[in-house]
$ cat upload-v5.cif   # mmCIF, C-alpha atoms
data_data
#
loop_
_atom_site.group_PDB
_atom_site.id
_atom_site.type_symbol
_atom_site.label_atom_id
_atom_site.label_comp_id
_atom_site.auth_asym_id
_atom_site.auth_seq_id
_atom_site.Cartn_x
_atom_site.Cartn_y
_atom_site.Cartn_z
ATOM 1 C CA MET P 1 -20.190 -5.110 18.130
ATOM 2 C CA ASP P 2 -17.235 -2.739 18.019
ATOM 3 C CA ASP P 3 -17.450 0.720 16.462
ATOM 4 C CA LEU P 4 -15.315 -0.007 13.396
ATOM 5 C CA THR P 5 -17.361 -3.095 12.507
ATOM 6 C CA LEU P 6 -20.578 -1.127 12.895
ATOM 7 C CA LEU P 7 -19.193 1.802 10.890
ATOM 8 C CA THR P 8 -18.088 -0.542 8.097
ATOM 9 C CA ARG P 9 -21.568 -2.067 7.971
ATOM 10 C CA ALA P 10 -23.238 1.354 8.016
ATOM 11 C CA GLU P 11 -20.983 2.534 5.182
ATOM 12 C CA HIS P 12 -21.991 -0.467 3.088
ATOM 13 C CA VAL P 13 -25.693 0.098 3.825
ATOM 14 C CA LEU P 14 -25.345 3.759 2.797
ATOM 15 C CA SER P 15 -23.628 2.711 -0.430
ATOM 16 C CA ARG P 16 -26.318 0.099 -1.168
ATOM 17 C CA VAL P 17 -29.158 2.563 -0.508
ATOM 18 C CA ILE P 18 -27.531 5.059 -2.900
ATOM 19 C CA ALA P 19 -26.982 2.362 -5.540
ATOM 20 C CA ASP P 20 -30.672 1.389 -5.320
ATOM 21 C CA LEU P 21 -31.901 4.920 -6.085
ATOM 22 C CA GLY P 22 -33.611 5.276 -9.447
ATOM 23 C CA HIS P 23 -32.845 8.153 -11.810
ATOM 24 C CA THR P 24 -36.205 9.848 -11.220
ATOM 25 C CA GLU P 25 -35.886 9.384 -7.441
ATOM 26 C CA LEU P 26 -32.712 11.478 -7.431
ATOM 27 C CA GLU P 27 -34.745 14.602 -8.223
ATOM 28 C CA VAL P 28 -37.412 14.008 -5.554
ATOM 29 C CA VAL P 29 -37.337 16.444 -2.635
ATOM 30 C CA SER P 30 -35.827 14.533 0.279
ATOM 31 C CA ASN P 31 -36.915 14.498 3.899
ATOM 32 C CA CYS P 32 -34.361 17.321 4.308
ATOM 33 C CA PRO P 33 -36.122 19.991 2.213
ATOM 34 C CA PRO P 34 -35.326 21.770 -0.002
ATOM 35 C CA TRP P 35 -32.562 19.278 -0.865
ATOM 36 C CA THR P 36 -33.259 16.696 -3.523
ATOM 37 C CA VAL P 37 -32.337 13.062 -2.946
ATOM 38 C CA ARG P 38 -29.241 13.625 -5.171
ATOM 39 C CA ARG P 39 -28.083 16.526 -2.991
ATOM 40 C CA LEU P 40 -28.739 14.562 0.202
ATOM 41 C CA ALA P 41 -26.854 11.529 -1.123
ATOM 42 C CA SER P 42 -23.965 13.781 -2.172
ATOM 43 C CA HIS P 43 -23.979 15.418 1.273
ATOM 44 C CA ALA P 44 -23.908 12.001 2.960
ATOM 45 C CA LEU P 45 -20.961 10.793 0.886
ATOM 46 C CA LYS P 46 -19.052 14.041 1.302
ATOM 47 C CA ASN P 47 -19.594 13.961 5.065
ATOM 48 C CA GLN P 48 -18.034 10.506 5.139
ATOM 49 C CA LEU P 49 -15.054 11.820 3.207
ATOM 50 C CA PHE P 50 -14.780 14.755 5.610
ATOM 51 C CA TRP P 51 -14.720 12.549 8.744
ATOM 52 C CA ALA P 52 -12.390 9.924 7.259
ATOM 53 C CA GLY P 53 -10.059 12.594 5.916
ATOM 54 C CA LEU P 54 -10.024 14.259 9.315
ATOM 55 C CA VAL P 55 -8.863 11.075 11.102
ATOM 56 C CA GLY P 56 -6.698 9.935 8.195
ATOM 57 C CA GLY P 57 -4.750 13.182 8.030
ATOM 58 C CA ARG P 58 -5.923 13.856 4.478
ATOM 59 C CA ASP P 59 -7.808 16.758 2.982
ATOM 60 C CA LEU P 60 -10.486 14.694 1.217
ATOM 61 C CA MET P 61 -13.427 17.073 1.588
ATOM 62 C CA ALA P 62 -13.931 20.533 3.005
ATOM 63 C CA GLN P 63 -16.610 20.597 5.678
ATOM 64 C CA GLU P 64 -18.214 23.614 3.995
ATOM 65 C CA GLU P 65 -18.708 21.701 0.724
ATOM 66 C CA ALA P 66 -20.076 18.647 2.530
ATOM 67 C CA MET P 67 -22.521 20.743 4.556
ATOM 68 C CA ALA P 68 -23.624 22.707 1.473
ATOM 69 C CA ALA P 69 -24.716 19.465 -0.243
ATOM 70 C CA VAL P 70 -22.966 20.351 -3.480
ATOM 71 C CA PRO P 71 -24.317 17.558 -5.693
ATOM 72 C CA TYR P 72 -22.251 15.009 -7.553
ATOM 73 C CA ASP P 73 -23.180 14.755 -11.231
ATOM 74 C CA GLY P 74 -23.849 11.490 -13.037
ATOM 75 C CA GLU P 75 -24.235 8.021 -11.622
ATOM 76 C CA LEU P 76 -23.930 7.947 -7.841
ATOM 77 C CA ALA P 77 -23.419 4.189 -7.366
ATOM 78 C CA PRO P 78 -19.766 4.138 -8.504
ATOM 79 C CA ILE P 79 -19.046 7.250 -6.454
ATOM 80 C CA ALA P 80 -20.620 5.616 -3.389
ATOM 81 C CA ASP P 81 -18.561 2.451 -3.914
ATOM 82 C CA ASP P 82 -15.360 4.485 -4.208
ATOM 83 C CA VAL P 83 -16.165 6.614 -1.162
ATOM 84 C CA THR P 84 -17.017 3.519 0.899
ATOM 85 C CA ALA P 85 -13.752 1.784 0.023
ATOM 86 C CA GLN P 86 -11.706 4.909 0.736
ATOM 87 C CA VAL P 87 -13.489 5.728 3.990
ATOM 88 C CA VAL P 88 -13.417 2.203 5.409
ATOM 89 C CA GLY P 89 -9.730 1.921 4.548
ATOM 90 C CA LEU P 90 -8.876 5.117 6.410
ATOM 91 C CA TRP P 91 -10.932 4.200 9.478
ATOM 92 C CA LEU P 92 -9.246 0.778 9.643
ATOM 93 C CA THR P 93 -5.756 2.336 9.702
ATOM 94 C CA ASP P 94 -3.811 1.326 12.813
ATOM 95 C CA GLY P 95 -3.880 3.921 15.569
ATOM 96 C CA VAL P 96 -6.785 6.021 14.223
ATOM 97 C CA LEU P 97 -9.087 5.379 17.173
ATOM 98 C CA GLY P 98 -6.401 6.097 19.775
ATOM 99 C CA ALA P 99 -5.000 9.229 18.132
ATOM 100 C CA GLU P 100 -6.280 12.728 18.837
ATOM 101 C CA HIS P 101 -7.805 14.614 15.898
ATOM 102 C CA GLU P 102 -8.781 18.254 15.407
ATOM 103 C CA THR P 103 -12.569 18.404 14.893
ATOM 104 C CA PRO P 104 -15.320 21.047 14.767
ATOM 105 C CA PHE P 105 -15.635 20.349 18.522
ATOM 106 C CA GLY P 106 -11.936 20.798 19.219
ATOM 107 C CA PRO P 107 -9.401 17.991 19.706
ATOM 108 C CA LEU P 108 -11.013 14.559 20.211
ATOM 109 C CA PRO P 109 -9.758 10.978 20.135
ATOM 110 C CA GLY P 110 -10.678 8.884 17.120
ATOM 111 C CA ALA P 111 -12.725 6.646 19.418
ATOM 112 C CA VAL P 112 -15.091 9.620 19.844
ATOM 113 C CA VAL P 113 -14.885 10.959 16.272
ATOM 114 C CA VAL P 114 -15.975 7.579 14.872
ATOM 115 C CA ASN P 115 -19.381 8.171 16.462
ATOM 116 C CA PHE P 116 -20.015 11.195 14.216
ATOM 117 C CA ALA P 117 -19.186 9.226 11.074
ATOM 118 C CA LEU P 118 -21.318 6.353 12.312
ATOM 119 C CA VAL P 119 -24.461 8.349 13.093
ATOM 120 C CA ASP P 120 -24.001 10.273 9.871
ATOM 121 C CA ALA P 121 -23.775 7.138 7.691
ATOM 122 C CA ALA P 122 -26.677 5.335 9.379
ATOM 123 C CA ALA P 123 -28.995 8.359 9.606
ATOM 124 C CA HIS P 124 -28.378 9.391 6.008
ATOM 125 C CA ALA P 125 -28.948 5.845 4.755
ATOM 126 C CA TRP P 126 -32.281 5.969 6.574
ATOM 127 C CA ASP P 127 -33.035 9.489 5.285
ATOM 128 C CA LEU P 128 -32.423 8.512 1.679
ATOM 129 C CA SER P 129 -34.437 5.320 1.871
ATOM 130 C CA ALA P 130 -37.302 7.064 3.704
ATOM 131 C CA SER P 131 -37.278 9.909 1.175
ATOM 132 C CA VAL P 132 -38.172 7.487 -1.627
ATOM 133 C CA GLY P 133 -40.712 5.518 0.416
ATOM 134 C CA ARG P 134 -38.490 2.537 1.321
ATOM 135 C CA PRO P 135 -37.329 3.259 4.882
ATOM 136 C CA ILE P 136 -34.758 0.767 6.088
ATOM 137 C CA GLU P 137 -34.718 -0.893 9.484
ATOM 138 C CA PHE P 138 -31.393 -1.366 11.221
ATOM 139 C CA PRO P 139 -30.517 -4.946 12.169
ATOM 140 C CA PRO P 140 -31.367 -5.734 15.812
ATOM 141 C CA ASP P 141 -27.692 -6.160 16.726
ATOM 142 C CA TRP P 142 -27.074 -2.515 15.712
ATOM 143 C CA ILE P 143 -29.664 -1.018 18.058
ATOM 144 C CA PRO P 144 -27.793 -1.082 21.407
ATOM 145 C CA ARG P 145 -24.626 0.507 20.013
ATOM 146 C CA MET P 146 -26.494 2.954 17.760
ATOM 147 C CA THR P 147 -28.524 4.078 20.790
ATOM 148 C CA GLY P 148 -25.269 4.981 22.525
ATOM 149 C CA VAL P 149 -23.944 6.695 19.397
ATOM 150 C CA VAL P 150 -27.072 8.850 19.063
ATOM 151 C CA GLU P 151 -26.850 9.813 22.747
ATOM 152 C CA LEU P 152 -23.174 10.797 22.345
ATOM 153 C CA THR P 153 -23.525 12.742 19.102
ATOM 154 C CA CYS P 154 -26.991 14.267 19.003
ATOM 155 C CA THR P 155 -26.354 16.759 21.783
ATOM 156 C CA ASP P 156 -27.527 20.313 22.320
ATOM 157 C CA HIS P 157 -24.067 21.561 21.309
ATOM 158 C CA ALA P 158 -24.128 19.546 18.047
ATOM 159 C CA VAL P 159 -27.561 21.060 17.321
ATOM 160 C CA GLU P 160 -26.282 24.581 18.134
ATOM 161 C CA ILE P 161 -23.405 24.368 15.654
ATOM 162 C CA GLY P 162 -25.620 22.831 12.950
ATOM 163 C CA LEU P 163 -24.179 19.315 12.771
ATOM 164 C CA VAL P 164 -27.442 17.600 13.725
ATOM 165 C CA LYS P 165 -31.119 18.417 13.936
ATOM 166 C CA PRO P 166 -32.955 18.702 17.261
ATOM 167 C CA PRO P 167 -34.667 15.501 18.409
ATOM 168 C CA VAL P 168 -38.350 14.983 17.634
ATOM 169 C CA GLU P 169 -41.040 12.859 19.242
ATOM 170 C CA ALA P 170 -41.274 9.325 17.860
ATOM 171 C CA PRO P 171 -44.814 8.236 16.993
ATOM 172 C CA ALA P 172 -46.634 5.658 19.089
ATOM 173 C CA GLY P 173 -45.711 2.178 17.943
ATOM 174 C CA ALA P 174 -42.408 3.314 16.418
ATOM 175 C CA THR P 175 -39.777 0.688 15.689
ATOM 176 C CA ASP P 176 -36.363 0.778 17.364
ATOM 177 C CA THR P 177 -34.910 2.304 14.191
ATOM 178 C CA GLN P 178 -37.638 4.952 14.024
ATOM 179 C CA ARG P 179 -37.050 5.879 17.688
ATOM 180 C CA LEU P 180 -33.324 6.264 16.981
ATOM 181 C CA MET P 181 -33.991 8.421 13.943
ATOM 182 C CA ALA P 182 -36.445 10.616 15.900
ATOM 183 C CA ALA P 183 -33.745 11.074 18.572
ATOM 184 C CA ALA P 184 -31.414 12.087 15.721
ATOM 185 C CA GLY P 185 -33.901 14.751 14.591
ATOM 186 C CA ARG P 186 -35.698 12.883 11.826
ATOM 187 C CA GLN P 187 -39.457 13.084 11.277
ATOM 188 C CA VAL P 188 -40.744 9.533 11.238
#

$ encode --input "upload-v5.cif" --output "structure tokens"
Amino acid sequence: MDDLTLLTRAEHVLSRVIADLGHTELEVVSNCPPWTVRRLASHALKNQLFWAGLVGGRDLMAQEEAMAAVPYDGELAPIADDVTAQVVGLWLTDGVLGAEHETPFGPLPGAVVVNFALVDAAAHAWDLSASVGRPIEFPPDWIPRMTGVVELTCTDHAVEIGLVKPPVEAPAGATDTQRLMAAAGRQV
């Protein structure tokens, strides 16, 4: 599966997970304390806007606001749908993967930058679902490519600059998804 197909699928899973959140679940403390599920969902959506804006040459979201988890007010489902449509459209623009983009890591080709958006969408979909007791499992055809994405993005340097959490040990008997999320710094 190519990166843009996988990213599109991950974006739709993130949007669906957000749409499935109940009103009371939005105020639960997430698996990223002290953030609530609402703040984590807002952070996830704003990160997607940041990455897509970066490769699309648009100022959609400041990295500082995305990283601060400034919460969206009101219903999140329509916001998630809008963000997904906007983000997927920008990533599918001709030439995005081959072009060089200025990133927090310095200039990188879109074919590398897409990995940050991908791990961010998938990991946050898992975070949100796990935070409300309904952890998702990634489809088996995602696992090989997501393994490569986690290896490329969840590096010591990414941990040092605060983009990802340090990896943790996966529990015995962990699923493929749980092992990926542990490698991406999530407690399983």

$ resolve_selection --input "upload-v5.cif" --expression "the PyMOL selection byres ((chain P and resi 61-74) around 9)" --output "PDB file with C-alpha atoms, in the coordinates of the input"
ATOM      1  CA  TRP P  35     -32.562  19.278  -0.865  1.00  0.00           C
ATOM      2  CA  ARG P  38     -29.241  13.625  -5.171  1.00  0.00           C
ATOM      3  CA  ARG P  39     -28.083  16.526  -2.991  1.00  0.00           C
ATOM      4  CA  LEU P  40     -28.739  14.562   0.202  1.00  0.00           C
ATOM      5  CA  ALA P  41     -26.854  11.529  -1.123  1.00  0.00           C
ATOM      6  CA  SER P  42     -23.965  13.781  -2.172  1.00  0.00           C
ATOM      7  CA  HIS P  43     -23.979  15.418   1.273  1.00  0.00           C
ATOM      8  CA  ALA P  44     -23.908  12.001   2.960  1.00  0.00           C
ATOM      9  CA  LEU P  45     -20.961  10.793   0.886  1.00  0.00           C
ATOM     10  CA  LYS P  46     -19.052  14.041   1.302  1.00  0.00           C
ATOM     11  CA  ASN P  47     -19.594  13.961   5.065  1.00  0.00           C
ATOM     12  CA  GLN P  48     -18.034  10.506   5.139  1.00  0.00           C
ATOM     13  CA  LEU P  49     -15.054  11.820   3.207  1.00  0.00           C
ATOM     14  CA  PHE P  50     -14.780  14.755   5.610  1.00  0.00           C
ATOM     15  CA  TRP P  51     -14.720  12.549   8.744  1.00  0.00           C
ATOM     16  CA  GLY P  53     -10.059  12.594   5.916  1.00  0.00           C
ATOM     17  CA  LEU P  54     -10.024  14.259   9.315  1.00  0.00           C
ATOM     18  CA  ARG P  58      -5.923  13.856   4.478  1.00  0.00           C
ATOM     19  CA  ASP P  59      -7.808  16.758   2.982  1.00  0.00           C
ATOM     20  CA  LEU P  60     -10.486  14.694   1.217  1.00  0.00           C
ATOM     21  CA  GLU P  75     -24.235   8.021 -11.622  1.00  0.00           C
ATOM     22  CA  LEU P  76     -23.930   7.947  -7.841  1.00  0.00           C
ATOM     23  CA  ILE P  79     -19.046   7.250  -6.454  1.00  0.00           C
ATOM     24  CA  LEU P 163     -24.179  19.315  12.771  1.00  0.00           C
TER      25      LEU P 163
END

$ residues_near_point --input "upload-v5.cif" --point "(-18.8, -1.1, 12.1)" --cutoff "10 Å" --atoms "all atoms listed in the file" --output "list in words"
Met1, Asp2, Asp3, Leu4, Thr5, Leu6, Leu7, Thr8, Arg9, Ala10, Glu11, His12, Val88, Trp91, Val114, Leu118, Trp142 and Arg145 of chain P

$ closest_residue --input "upload-v5.cif" --among "P:Gln187, P:Ser15, P:Leu21, P:Ile161" --to "Arg134 in chain P" --atoms "all atoms listed in the file"
P:Leu21

$ resolve_selection --input "upload-v5.cif" --expression "the PyMOL selection byres ((chain P and resi 147) around 10)" --output "PyMOL selection string"
chain P and resi 119+142-146+148-152+176-177+179-181+183-184

$ atom_distance --input "upload-v5.cif" --atom1 "CA of Asn31 in chain P" --atom2 "CA of Arg186 in chain P"
8.2 Å

$ resolve_selection --input "upload-v5.cif" --expression "the PyMOL selection byres ((chain P and resi 93-105) around 9)" --output "ChimeraX atom specification"
/P:51,54-57,88-92,106-114,157-158,161

$ closest_residue --input "upload-v5.cif" --among "P:Cys154, P:Ile18, P:Ala125, P:Ala77" --to "Glu137 in chain P" --atoms "only C-alpha atoms"
P:Ala125

$ atom_distance --input "upload-v5.cif" --atom1 "CA of Asp120 in chain P" --atom2 "CA of Ile136 in chain P"
14.8 Å

$ atom_distance --input "upload-v5.cif" --atom1 "CA of Asn115 in chain P" --atom2 "CA of Asp141 in chain P"
16.6 Å

$ closest_residue --input "upload-v5.cif" --among "P:Pro78, P:Trp126, P:Ser131, P:Val87" --to "Ser30 in chain P" --atoms "only C-alpha atoms"
P:Ser131

$ axis_aligned_box --input "upload-v5.cif" --around "range 162-173 of chain P" --padding-each-side "8 Å" --output "AutoDock Vina command-line options"
--center_x -35.4 --center_y 12.5 --center_z 16.0 --size_x 38.5 --size_y 36.7 --size_z 22.5

$ decode --input "upload-v5.cif" --residues "range 93-160 of chain P" --atoms "C-alpha atoms" --output "mmCIF file, in the first residue's frame"
data_model
loop_
_atom_site.group_PDB
_atom_site.id
_atom_site.type_symbol
_atom_site.label_atom_id
_atom_site.label_comp_id
_atom_site.auth_asym_id
_atom_site.auth_seq_id
_atom_site.Cartn_x
_atom_site.Cartn_y
_atom_site.Cartn_z
ATOM 1 C CA THR P 93 -2.026 17.533 -4.829
ATOM 2 C CA ASP P 94 0.330 16.692 -7.696
ATOM 3 C CA GLY P 95 3.995 17.075 -6.827
ATOM 4 C CA VAL P 96 3.606 17.226 -3.020
ATOM 5 C CA LEU P 97 5.581 14.057 -2.334
ATOM 6 C CA GLY P 98 8.446 15.016 -4.654
ATOM 7 C CA ALA P 99 8.756 18.635 -3.525
ATOM 8 C CA GLU P 100 10.995 19.770 -0.683
ATOM 9 C CA HIS P 101 9.270 21.356 2.322
ATOM 10 C CA GLU P 102 10.585 23.308 5.307
ATOM 11 C CA THR P 103 9.838 21.284 8.466
ATOM 12 C CA PRO P 104 10.784 21.330 12.163
ATOM 13 C CA PHE P 105 13.623 18.997 11.073
ATOM 14 C CA GLY P 106 14.819 21.267 8.283
ATOM 15 C CA PRO P 107 14.077 20.820 4.570
ATOM 16 C CA LEU P 108 12.619 17.388 3.714
ATOM 17 C CA PRO P 109 10.876 15.903 0.688
ATOM 18 C CA GLY P 110 7.142 15.344 0.941
ATOM 19 C CA ALA P 111 7.779 11.602 0.670
ATOM 20 C CA VAL P 112 9.406 11.851 4.122
ATOM 21 C CA VAL P 113 7.037 14.446 5.622
ATOM 22 C CA VAL P 114 4.023 12.229 4.864
ATOM 23 C CA ASN P 115 5.342 9.780 7.459
ATOM 24 C CA PHE P 116 4.876 12.338 10.257
ATOM 25 C CA ALA P 117 1.271 13.003 9.255
ATOM 26 C CA LEU P 118 0.671 9.277 8.945
ATOM 27 C CA VAL P 119 2.031 8.255 12.348
ATOM 28 C CA ASP P 120 0.282 11.226 13.902
ATOM 29 C CA ALA P 121 -3.144 10.335 12.456
ATOM 30 C CA ALA P 122 -2.897 6.616 13.251
ATOM 31 C CA ALA P 123 -1.412 7.016 16.744
ATOM 32 C CA HIS P 124 -3.916 9.681 17.753
ATOM 33 C CA ALA P 125 -6.836 7.614 16.459
ATOM 34 C CA TRP P 126 -5.548 4.806 18.670
ATOM 35 C CA ASP P 127 -4.956 7.178 21.611
ATOM 36 C CA LEU P 128 -8.481 8.553 21.465
ATOM 37 C CA SER P 129 -10.127 5.167 21.139
ATOM 38 C CA ALA P 130 -7.964 3.684 23.919
ATOM 39 C CA SER P 131 -8.698 6.663 26.172
ATOM 40 C CA VAL P 132 -12.412 5.814 26.163
ATOM 41 C CA GLY P 133 -11.907 2.053 26.493
ATOM 42 C CA ARG P 134 -12.409 1.111 22.818
ATOM 43 C CA PRO P 135 -8.874 0.693 21.449
ATOM 44 C CA ILE P 136 -8.836 0.147 17.711
ATOM 45 C CA GLU P 137 -6.755 -2.422 15.878
ATOM 46 C CA PHE P 138 -5.168 -1.443 12.588
ATOM 47 C CA PRO P 139 -6.071 -3.623 9.603
ATOM 48 C CA PRO P 140 -3.428 -6.296 8.904
ATOM 49 C CA ASP P 141 -2.489 -4.699 5.574
ATOM 50 C CA TRP P 142 -1.460 -1.519 7.451
ATOM 51 C CA ILE P 143 1.047 -3.222 9.748
ATOM 52 C CA PRO P 144 4.076 -3.608 7.426
ATOM 53 C CA ARG P 145 3.999 0.005 6.226
ATOM 54 C CA MET P 146 3.111 1.430 9.653
ATOM 55 C CA THR P 147 6.073 -0.471 11.129
ATOM 56 C CA GLY P 148 8.344 1.349 8.690
ATOM 57 C CA VAL P 149 6.657 4.678 9.426
ATOM 58 C CA VAL P 150 7.141 4.271 13.186
ATOM 59 C CA GLU P 151 10.810 3.370 12.655
ATOM 60 C CA LEU P 152 11.331 6.464 10.465
ATOM 61 C CA THR P 153 9.493 8.953 12.668
ATOM 62 C CA CYS P 154 9.828 7.826 16.267
ATOM 63 C CA THR P 155 13.532 8.571 16.523
ATOM 64 C CA ASP P 156 15.666 9.882 19.355
ATOM 65 C CA HIS P 157 15.776 13.287 17.637
ATOM 66 C CA ALA P 158 11.956 13.423 17.329
ATOM 67 C CA VAL P 159 11.750 12.590 21.054
ATOM 68 C CA GLU P 160 14.351 15.278 21.893
#
